[in-house]
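J.: Provided herewith: input_1.cif, mmCIF, C-alpha atoms, pLDDT in the B column; chains and numbers go by the auth columns.
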data_data
#
loop_
_atom_site.group_PDB
_atom_site.id
_atom_site.type_symbol
_atom_site.label_atom_id
_atom_site.label_comp_id
_atom_site.label_asym_id
_atom_site.label_seq_id
_atom_site.Cartn_x
_atom_site.Cartn_y
_atom_site.Cartn_z
_atom_site.B_iso_or_equiv
_atom_site.auth_seq_id
_atom_site.auth_asym_id
ATOM 1 C CA MET A 1 80.443 85.115 114.081 50.00 14 E
ATOM 2 C CA LYS A 2 77.955 87.877 113.244 48.00 15 E
ATOM 3 C CA SER A 3 80.248 90.879 113.868 49.00 16 E
ATOM 4 C CA HIS A 4 83.159 89.312 111.967 49.00 17 E
ATOM 5 C CA GLN A 5 80.898 88.170 109.142 49.00 18 E
ATOM 6 C CA ASP A 6 79.276 91.587 108.733 53.00 19 E
ATOM 7 C CA PHE A 7 82.680 93.181 108.390 48.00 20 E
ATOM 8 C CA PHE A 8 83.835 90.568 105.873 51.00 21 E
ATOM 9 C CA VAL A 9 80.658 91.168 103.851 50.00 22 E
ATOM 10 C CA ARG A 10 81.350 94.915 103.716 49.00 23 E
ATOM 11 C CA ILE A 11 84.886 94.209 102.494 47.00 24 E
ATOM 12 C CA ALA A 12 83.690 91.621 99.972 49.00 25 E
ATOM 13 C CA GLN A 13 81.172 94.060 98.538 47.00 26 E
ATOM 14 C CA ALA A 14 84.005 96.533 98.048 45.00 27 E
ATOM 15 C CA LEU A 15 85.982 94.188 95.783 45.00 28 E
ATOM 16 C CA PRO A 16 84.227 94.392 92.396 41.00 29 E
ATOM 17 C CA THR A 17 87.206 92.804 90.642 41.00 30 E
ATOM 18 C CA MET A 18 86.526 89.521 92.452 39.00 31 E
ATOM 19 C CA GLY A 19 82.768 89.493 91.929 41.00 32 E
ATOM 20 C CA THR A 20 80.810 86.263 92.288 44.00 33 E
ATOM 21 C CA TRP A 21 82.884 83.216 93.076 42.00 34 E
ATOM 22 C CA SER A 22 82.716 80.763 90.172 46.00 35 E
ATOM 23 C CA VAL A 23 84.602 77.613 89.220 40.00 36 E
ATOM 24 C CA ASP A 24 86.557 79.384 86.492 41.00 37 E
ATOM 25 C CA ALA A 25 87.400 82.478 88.556 44.00 38 E
ATOM 26 C CA LYS A 26 91.063 83.418 88.430 52.00 39 E
ATOM 27 C CA VAL A 27 92.683 85.153 91.365 53.00 40 E
ATOM 28 C CA SER A 28 96.018 86.877 90.959 69.00 41 E
ATOM 29 C CA ARG A 29 98.734 85.196 93.053 80.00 42 E
ATOM 30 C CA LYS A 30 100.257 88.603 93.755 83.00 43 E
ATOM 31 C CA VAL A 31 96.982 89.839 95.235 85.00 44 E
ATOM 32 C CA ILE A 32 96.694 86.809 97.513 87.00 45 E
ATOM 33 C CA ASP A 33 100.346 87.088 98.574 89.00 46 E
ATOM 34 C CA ARG A 34 99.813 90.748 99.434 90.00 47 E
ATOM 35 C CA PHE A 35 96.677 89.860 101.393 92.00 48 E
ATOM 36 C CA VAL A 36 98.576 87.163 103.338 92.00 49 E
ATOM 37 C CA TYR A 37 101.454 89.557 104.062 93.00 50 E
ATOM 38 C CA ILE A 38 99.080 92.195 105.457 94.00 51 E
ATOM 39 C CA ILE A 39 97.283 89.662 107.659 94.00 52 E
ATOM 40 C CA ARG A 40 100.565 88.261 109.016 93.00 53 E
ATOM 41 C CA SER A 41 101.991 91.702 109.762 93.00 54 E
ATOM 42 C CA LYS A 42 98.896 93.371 111.237 94.00 55 E
ATOM 43 C CA VAL A 43 96.884 90.704 113.073 95.00 56 E
ATOM 44 C CA ASP A 44 98.312 89.073 116.206 95.00 57 E
ATOM 45 C CA ASP A 45 97.736 85.363 116.778 94.00 58 E
ATOM 46 C CA PRO A 46 96.402 84.990 120.363 93.00 59 E
ATOM 47 C CA ARG A 47 96.826 81.190 120.443 92.00 60 E
ATOM 48 C CA GLN A 48 99.570 79.219 122.197 90.00 61 E
ATOM 49 C CA LYS A 49 102.232 78.620 119.563 86.00 62 E
ATOM 50 C CA GLY A 50 102.921 75.016 120.539 86.00 63 E
ATOM 51 C CA LYS A 51 99.294 74.050 119.964 85.00 64 E
ATOM 52 C CA VAL A 52 98.773 75.737 116.595 91.00 65 E
ATOM 53 C CA GLU A 53 98.143 73.534 113.548 92.00 66 E
ATOM 54 C CA TYR A 54 96.538 76.072 111.228 95.00 67 E
ATOM 55 C CA PRO A 55 98.372 79.396 110.678 94.00 68 E
ATOM 56 C CA LEU A 56 96.201 82.414 111.419 95.00 69 E
ATOM 57 C CA TYR A 57 96.568 83.808 107.892 95.00 70 E
ATOM 58 C CA GLU A 58 95.230 80.540 106.429 95.00 71 E
ATOM 59 C CA ILE A 59 92.105 80.678 108.575 96.00 72 E
ATOM 60 C CA ILE A 60 91.412 84.348 107.766 95.00 73 E
ATOM 61 C CA VAL A 61 91.989 83.943 104.023 93.00 74 E
ATOM 62 C CA LEU A 62 89.803 80.828 103.922 95.00 75 E
ATOM 63 C CA ALA A 63 87.001 82.576 105.818 94.00 76 E
ATOM 64 C CA PHE A 64 87.301 85.679 103.643 91.00 77 E
ATOM 65 C CA PHE A 65 86.755 83.767 100.400 89.00 78 E
ATOM 66 C CA ALA A 66 84.095 81.498 101.880 93.00 79 E
ATOM 67 C CA ILE A 67 82.016 84.482 103.032 90.00 80 E
ATOM 68 C CA LEU A 68 82.659 86.141 99.676 85.00 81 E
ATOM 69 C CA GLY A 69 81.105 82.993 98.196 87.00 82 E
ATOM 70 C CA GLY A 70 77.987 83.269 100.387 90.00 83 E
ATOM 71 C CA ALA A 71 78.846 81.363 103.589 91.00 84 E
ATOM 72 C CA ASP A 72 77.120 82.851 106.623 89.00 85 E
ATOM 73 C CA THR A 73 77.920 80.421 109.463 93.00 86 E
ATOM 74 C CA PHE A 74 81.080 78.689 110.642 94.00 87 E
ATOM 75 C CA SER A 75 79.685 75.371 109.443 95.00 88 E
ATOM 76 C CA SER A 76 79.030 76.748 105.955 95.00 89 E
ATOM 77 C CA VAL A 77 82.491 78.361 105.924 95.00 90 E
ATOM 78 C CA ALA A 78 84.101 74.985 106.654 95.00 91 E
ATOM 79 C CA SER A 79 81.923 73.210 104.065 95.00 92 E
ATOM 80 C CA CYS A 80 82.692 75.816 101.410 94.00 93 E
ATOM 81 C CA CYS A 81 86.433 75.515 102.078 94.00 94 E
ATOM 82 C CA ARG A 82 86.354 71.734 101.802 94.00 95 E
ATOM 83 C CA TYR A 83 84.445 71.962 98.530 93.00 96 E
ATOM 84 C CA LYS A 84 87.002 74.411 97.094 92.00 97 E
ATOM 85 C CA GLU A 85 90.090 72.785 98.641 93.00 98 E
ATOM 86 C CA LYS A 86 91.770 72.277 95.257 92.00 99 E
ATOM 87 C CA PHE A 87 91.371 75.996 94.538 89.00 100 E
ATOM 88 C CA PHE A 88 92.787 77.076 97.916 91.00 101 E
ATOM 89 C CA ARG A 89 95.829 74.807 97.591 92.00 102 E
ATOM 90 C CA LYS A 90 96.970 76.943 94.658 88.00 103 E
ATOM 91 C CA PHE A 91 98.068 79.686 97.055 87.00 104 E
ATOM 92 C CA LEU A 92 97.920 78.246 100.622 91.00 105 E
ATOM 93 C CA PRO A 93 100.088 75.383 102.009 92.00 106 E
ATOM 94 C CA LEU A 94 97.253 73.745 104.006 94.00 107 E
ATOM 95 C CA ASN A 95 99.701 71.276 105.516 94.00 108 E
ATOM 96 C CA HIS A 96 97.045 70.047 107.960 93.00 109 E
ATOM 97 C CA GLY A 97 94.136 70.113 105.557 93.00 110 E
ATOM 98 C CA MET A 98 91.035 72.209 106.055 94.00 111 E
ATOM 99 C CA PRO A 99 90.102 73.537 109.513 95.00 112 E
ATOM 100 C CA SER A 100 86.848 72.333 111.047 95.00 113 E
ATOM 101 C CA HIS A 101 83.967 74.667 111.835 95.00 114 E
ATOM 102 C CA ASP A 102 84.952 74.441 115.525 96.00 115 E
ATOM 103 C CA THR A 103 88.433 75.700 114.672 95.00 116 E
ATOM 104 C CA PHE A 104 87.033 78.664 112.740 95.00 117 E
ATOM 105 C CA ASN A 105 84.691 79.404 115.642 95.00 118 E
ATOM 106 C CA ARG A 106 87.404 79.205 118.284 94.00 119 E
ATOM 107 C CA VAL A 107 89.977 81.288 116.383 95.00 120 E
ATOM 108 C CA PHE A 108 87.565 84.082 115.451 94.00 121 E
ATOM 109 C CA SER A 109 86.379 84.281 119.058 93.00 122 E
ATOM 110 C CA LEU A 110 89.976 85.127 120.050 94.00 123 E
ATOM 111 C CA ILE A 111 91.018 87.530 117.280 93.00 124 E
ATOM 112 C CA ASP A 112 91.299 91.249 118.036 92.00 125 E
ATOM 113 C CA VAL A 113 88.481 92.626 115.867 86.00 126 E
ATOM 114 C CA SER A 114 90.068 96.083 115.546 86.00 127 E
ATOM 115 C CA GLN A 115 93.310 94.563 114.205 91.00 128 E
ATOM 116 C CA LEU A 116 91.376 92.436 111.730 92.00 129 E
ATOM 117 C CA GLU A 117 89.377 95.464 110.614 88.00 130 E
ATOM 118 C CA ASP A 118 92.481 97.613 110.128 88.00 131 E
ATOM 119 C CA ALA A 119 94.211 94.895 108.108 91.00 132 E
ATOM 120 C CA LEU A 120 91.268 94.307 105.778 89.00 133 E
ATOM 121 C CA VAL A 121 90.554 98.006 105.263 88.00 134 E
ATOM 122 C CA PHE A 122 94.240 98.563 104.480 89.00 135 E
ATOM 123 C CA PHE A 123 94.129 95.733 101.924 90.00 136 E
ATOM 124 C CA VAL A 124 91.001 97.073 100.229 86.00 137 E
ATOM 125 C CA SER A 125 92.287 100.667 100.245 85.00 138 E
ATOM 126 C CA GLN A 126 95.459 99.524 98.481 86.00 139 E
ATOM 127 C CA ALA A 127 93.328 97.654 95.945 84.00 140 E
ATOM 128 C CA PHE A 128 91.351 100.813 95.184 85.00 141 E
ATOM 129 C CA GLU A 129 94.527 102.856 94.783 83.00 142 E
ATOM 130 C CA ARG A 130 95.955 100.334 92.316 84.00 143 E
ATOM 131 C CA LEU A 131 92.654 100.220 90.462 82.00 144 E
ATOM 132 C CA ARG A 132 92.503 104.013 90.132 83.00 145 E
ATOM 133 C CA LYS A 133 96.051 104.108 88.780 86.00 146 E
ATOM 134 C CA ALA A 134 95.385 101.284 86.313 84.00 147 E
ATOM 135 C CA LEU A 135 92.221 102.935 85.002 84.00 148 E
ATOM 136 C CA LYS A 136 93.744 106.436 85.231 86.00 149 E
ATOM 137 C CA ILE A 137 90.922 107.658 87.461 83.00 150 E
ATOM 138 C CA PRO A 138 91.860 111.057 88.939 85.00 151 E
ATOM 139 C CA VAL A 139 92.034 111.398 92.702 80.00 152 E
ATOM 140 C CA PRO A 140 89.371 113.870 93.913 82.00 153 E
ATOM 141 C CA SER A 141 90.677 117.162 95.261 85.00 154 E
ATOM 142 C CA MET A 142 88.452 116.758 98.319 90.00 155 E
ATOM 143 C CA LYS A 143 87.431 113.450 99.911 91.00 156 E
ATOM 144 C CA GLN A 144 84.506 112.895 102.265 94.00 157 E
ATOM 145 C CA ILE A 145 84.017 110.567 105.202 94.00 158 E
ATOM 146 C CA CYS A 146 80.813 110.269 107.209 95.00 159 E
ATOM 147 C CA VAL A 147 80.591 109.614 110.941 94.00 160 E
ATOM 148 C CA ASP A 148 77.333 108.124 112.173 91.00 161 E
ATOM 149 C CA GLY A 149 76.066 105.876 114.943 87.00 162 E
ATOM 150 C CA LYS A 150 73.445 103.208 114.302 86.00 163 E
ATOM 151 C CA VAL A 151 71.272 101.124 116.617 82.00 164 E
ATOM 152 C CA SER A 152 70.400 97.517 115.683 82.00 165 E
ATOM 153 C CA ARG A 153 66.753 97.493 116.674 81.00 166 E
ATOM 154 C CA GLY A 154 65.515 94.256 118.173 77.00 167 E
ATOM 155 C CA SER A 155 68.992 93.074 119.190 78.00 168 E
ATOM 156 C CA GLY A 156 68.313 93.742 122.895 80.00 169 E
ATOM 157 C CA ARG A 157 66.503 91.521 125.383 81.00 170 E
ATOM 158 C CA TYR A 158 64.111 91.782 128.336 80.00 171 E
ATOM 159 C CA ALA A 159 63.245 95.471 128.021 76.00 172 E
ATOM 160 C CA ASP A 160 62.307 97.341 131.207 78.00 173 E
ATOM 161 C CA THR A 161 63.523 94.562 133.497 80.00 174 E
ATOM 162 C CA PRO A 162 66.535 94.395 135.887 80.00 175 E
ATOM 163 C CA SER A 163 68.275 92.024 133.427 78.00 176 E
ATOM 164 C CA GLU A 164 67.713 94.232 130.386 79.00 177 E
ATOM 165 C CA ILE A 165 70.290 94.022 127.581 81.00 178 E
ATOM 166 C CA LYS A 166 70.404 97.151 125.450 80.00 179 E
ATOM 167 C CA ASP A 167 70.225 97.104 121.655 79.00 180 E
ATOM 168 C CA ILE A 168 73.608 96.877 119.923 83.00 181 E
ATOM 169 C CA GLN A 169 74.918 100.326 118.998 86.00 182 E
ATOM 170 C CA THR A 170 77.736 100.799 116.501 88.00 183 E
ATOM 171 C CA LEU A 171 79.663 103.833 115.313 91.00 184 E
ATOM 172 C CA HIS A 172 80.633 103.784 111.628 91.00 185 E
ATOM 173 C CA VAL A 173 83.168 105.894 109.738 94.00 186 E
ATOM 174 C CA TYR A 174 82.309 105.588 106.055 92.00 187 E
ATOM 175 C CA SER A 175 84.240 106.608 102.937 91.00 188 E
ATOM 176 C CA THR A 176 81.929 108.031 100.264 89.00 189 E
ATOM 177 C CA GLU A 177 84.747 107.918 97.700 84.00 190 E
ATOM 178 C CA ASP A 178 85.488 104.202 97.972 83.00 191 E
ATOM 179 C CA GLY A 179 82.061 103.134 99.210 84.00 192 E
ATOM 180 C CA ILE A 180 83.397 101.185 102.184 85.00 193 E
ATOM 181 C CA CYS A 181 83.208 101.401 105.949 89.00 194 E
ATOM 182 C CA LEU A 182 86.662 102.349 107.258 90.00 195 E
ATOM 183 C CA HIS A 183 85.958 101.834 110.953 89.00 196 E
ATOM 184 C CA SER A 184 83.204 100.218 113.023 87.00 197 E
ATOM 185 C CA ARG A 185 83.164 100.327 116.812 87.00 198 E
ATOM 186 C CA GLN A 186 80.473 98.997 119.117 83.00 199 E
ATOM 187 C CA ILE A 187 79.486 101.520 121.769 84.00 200 E
ATOM 188 C CA GLY A 188 77.776 100.908 125.081 73.00 201 E
ATOM 189 C CA GLU A 189 75.466 103.911 125.077 61.00 202 E
ATOM 190 C CA LYS A 190 74.498 106.561 122.555 55.00 203 E
ATOM 191 C CA THR A 191 76.554 109.201 124.411 63.00 204 E
ATOM 192 C CA ASN A 192 79.682 107.057 123.943 78.00 205 E
ATOM 193 C CA GLU A 193 79.561 107.876 120.234 87.00 206 E
ATOM 194 C CA ILE A 194 81.281 111.222 120.898 90.00 207 E
ATOM 195 C CA PRO A 195 84.553 110.062 122.547 91.00 208 E
ATOM 196 C CA THR A 196 84.708 107.005 120.280 91.00 209 E
ATOM 197 C CA ALA A 197 84.504 109.221 117.191 92.00 210 E
ATOM 198 C CA GLN A 198 87.224 111.471 118.589 94.00 211 E
ATOM 199 C CA VAL A 199 89.565 108.519 119.149 92.00 212 E
ATOM 200 C CA ILE A 200 89.034 107.155 115.617 92.00 213 E
ATOM 201 C CA LEU A 201 89.451 110.553 113.930 94.00 214 E
ATOM 202 C CA SER A 202 92.642 111.219 115.898 94.00 215 E
ATOM 203 C CA THR A 203 94.281 108.217 114.184 90.00 216 E
ATOM 204 C CA MET A 204 93.299 109.179 110.611 91.00 217 E
ATOM 205 C CA ASP A 205 95.029 111.310 107.990 90.00 218 E
ATOM 206 C CA LEU A 206 92.326 113.876 107.215 94.00 219 E
ATOM 207 C CA LYS A 207 94.301 116.127 104.898 92.00 220 E
ATOM 208 C CA GLY A 208 92.046 117.183 102.029 91.00 221 E
ATOM 209 C CA THR A 209 89.066 115.479 103.643 94.00 222 E
ATOM 210 C CA ILE A 210 85.627 116.725 104.708 95.00 223 E
ATOM 211 C CA VAL A 211 84.262 114.957 107.784 96.00 224 E
ATOM 212 C CA SER A 212 80.458 115.085 107.965 94.00 225 E
ATOM 213 C CA PHE A 213 78.331 114.161 110.989 93.00 226 E
ATOM 214 C CA ASP A 214 75.061 114.953 112.740 89.00 227 E
ATOM 215 C CA ALA A 215 74.507 117.463 115.537 87.00 228 E
ATOM 216 C CA MET A 216 75.574 115.018 118.276 86.00 229 E
ATOM 217 C CA ASN A 217 79.218 115.183 117.178 88.00 230 E
ATOM 218 C CA THR A 218 79.294 118.980 117.008 89.00 231 E
ATOM 219 C CA GLN A 219 81.717 119.082 119.929 91.00 232 E
ATOM 220 C CA ILE A 220 84.640 121.462 120.371 92.00 233 E
ATOM 221 C CA GLU A 221 87.070 118.600 120.975 95.00 234 E
ATOM 222 C CA THR A 222 85.840 116.731 117.894 94.00 235 E
ATOM 223 C CA LEU A 223 86.261 119.794 115.702 94.00 236 E
ATOM 224 C CA ARG A 224 89.699 120.469 117.180 95.00 237 E
ATOM 225 C CA THR A 225 90.736 116.890 116.399 95.00 238 E
ATOM 226 C CA ILE A 226 89.647 117.219 112.771 95.00 239 E
ATOM 227 C CA VAL A 227 91.433 120.540 112.288 95.00 240 E
ATOM 228 C CA CYS A 228 94.615 119.205 113.916 95.00 241 E
ATOM 229 C CA ARG A 229 94.561 116.299 111.434 94.00 242 E
ATOM 230 C CA LYS A 230 94.403 118.880 108.565 93.00 243 E
ATOM 231 C CA GLY A 231 90.744 118.143 107.769 95.00 244 E
ATOM 232 C CA TYR A 232 87.506 120.067 107.334 95.00 245 E
ATOM 233 C CA TYR A 233 84.136 119.425 108.942 94.00 246 E
ATOM 234 C CA LEU A 234 80.482 119.675 107.987 92.00 247 E
ATOM 235 C CA SER A 235 77.646 119.191 110.461 86.00 248 E
ATOM 236 C CA LEU A 236 74.241 118.063 109.195 72.00 249 E
ATOM 237 C CA ILE A 237 71.507 119.467 111.412 68.00 250 E
ATOM 238 C CA HIS A 238 67.834 118.658 110.808 60.00 251 E
ATOM 239 C CA ILE A 239 65.480 121.558 111.509 56.00 252 E
#
Rewrite the coordinates I just gave you, this time as structure tokens.

T.:
Amino acid sequence: MKSHQDFFVRIAQALPTMGTWSVDAKVSRKVIDRFVYIIRSKVDDPRQKGKVEYPLYEIIVLAFFAILGGADTFSSVASCCRYKEKFFRKFLPLNHGMPSHDTFNRVFSLIDVSQLEDALVFFVSQAFERLRKALKIPVPSMKQICVDGKVSRGSGRYADTPSEIKDIQTLHVYSTEDGICLHSRQIGEKTNEIPTAQVILSTMDLKGTIVSFDAMNTQIETLRTIVCRKGYYLSLIHI
């Protein structure tokens, strides 16, 4: 739950137009329909079709709004959805009612996290583009994304023993313009940050973009990848 929830929280924080979930909050049907379309087209359902009662898009949309409203466990997600069932029925069929916390748990344990991440980032990026056009905010001539690896201290177990579990390490690619994390990938060791960053950057459109990173990613192949994607690079070295 933690990795999925953290990503949902980052997305939720990037949607200022939704803000705090209140009883009188109004959500545009077009926005929800677009969100559902993106989920259905970008996230594969790993379950056996003959045993599915709750469509995947329903579960993801329900979880998204529940976490936006403060839910931080599968049980609280299910409780929040039941409490707001009347609200959800305005834009979701919910032919089988609300999923249980076990259903949320089981489905999110099967979902491809990278697909879910790509779908949600795509949805939020579109929202920012529409917002800029509506408010007539000019697009910057040069964008910036930051590449950085972080270690979750204290997440490991049994240090200096044969059964040691290392601290969780994650590589983030962050957009300074939109204030959101575009990509997050867990890495096994600190040295794995380099090839992981190269793979992510090779899939991005970097035209008119400065990619900044620390000395670790100052690798010839990384720089070549950025240049081939029409981008620029800036290395931050502490002396």

J.: As a PyMOL selection string, please: the residues near region 237-243 of chain E (cut-off 7 Å, only C-alpha atoms, same-chain neighbours under 5 positions excluded).

T.: chain E and resi 211+214-215+218-220

J.: Considering all atoms listed in the file, state which residue in the set E:Glu177, E:Asp115, E:Asp227, E:Glu142 is at the smallest distance from Ile207 (chain E).

T.: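 Result for the nearest residue to Ile207 (chain E): E:Asp227.
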
J.: Using only C-alpha atoms, which residues sit within 7 Å of region 99-110 of chain E once same-chain residues fewer than 6 positions away are excluded, as a PyMOL selection string?

T.: chain E and resi 42+66-67+71

J.: To one decimal in Å, tell me the separation between CA of Met111 (chain E) and CA of Lys62 (chain E).

T.: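 Interatomic distance, CA of Met111 (chain E) to CA of Lys62 (chain E): 18.7 Å.
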
J.: Work out how far apart CA of Gly192 (chain E) and CA of Phe141 (chain E) are and give it in Å to one decimal.

T.: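 These atoms are spaced 10.4 Å apart.
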
J.: Looking at only C-alpha atoms, which of E:Ile150, E:Ile200, E:Leu69, E:Ala84 is the one that sits closest to Ile124 (chain E)?

T.: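 With only C-alpha atoms as the atom set, the closest residue is E:Leu69.
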
J.: With only C-alpha atoms as the basis for distance, which of E:Gln199, E:Ser92, E:Thr189, E:Ser127 is at the shortest distance from Ser165 (chain E)?

T.: E:Gln199

J.: Smallest atom-to-atom distance to Ala79 (chain E): which of E:Tyr96, E:Tyr50, E:Phe135, E:Tyr246, using all atoms listed in the file?

T.: E:Tyr96

J.: Between E:Leu133, E:Ser197, E:Gly221, E:Lys55, which has the minimum distance to Val152 (chain E) (counting only C-alpha atoms)?

T.: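 Using only C-alpha atoms, Val152 (chain E) sits closest to E:Gly221.
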
J.: What gap, in Å, lies between CA of Phe77 (chain E) and CA of Gly162 (chain E)?

T.: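 Pair CA of Phe77 (chain E) / CA of Gly162 (chain E) returns 25.7 Å.
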
J.: Can you list, as a count of residues only, the residues that the PyMOL selection byres ((chain E and resi 88) around 12) selects here?

T.: 22

J.: Any chance you could work out the residue set of the PyMOL selection byres ((chain E and resi 248) around 12) here, as a ChimeraX atom specification?

T.: /E:158-161,223-232,235-236,245-247,249-251

J.: Evaluate the PyMOL selection byres ((chain E and resi 186) around 6) here and jot the selected residues down as a PDB file with C-alpha atoms, keeping the file's coordinate frame.

T.:
ATOM      1  CA  CYS E 159      80.813 110.269 107.209  1.00 95.00           C
ATOM      2  CA  VAL E 160      80.591 109.614 110.941  1.00 94.00           C
ATOM      3  CA  HIS E 185      80.633 103.784 111.628  1.00 91.00           C
ATOM      4  CA  TYR E 187      82.309 105.588 106.055  1.00 92.00           C
ATOM      5  CA  CYS E 194      83.208 101.401 105.949  1.00 89.00           C
ATOM      6  CA  LEU E 195      86.662 102.349 107.258  1.00 90.00           C
ATOM      7  CA  HIS E 196      85.958 101.834 110.953  1.00 89.00           C
TER       8      HIS E 196
END
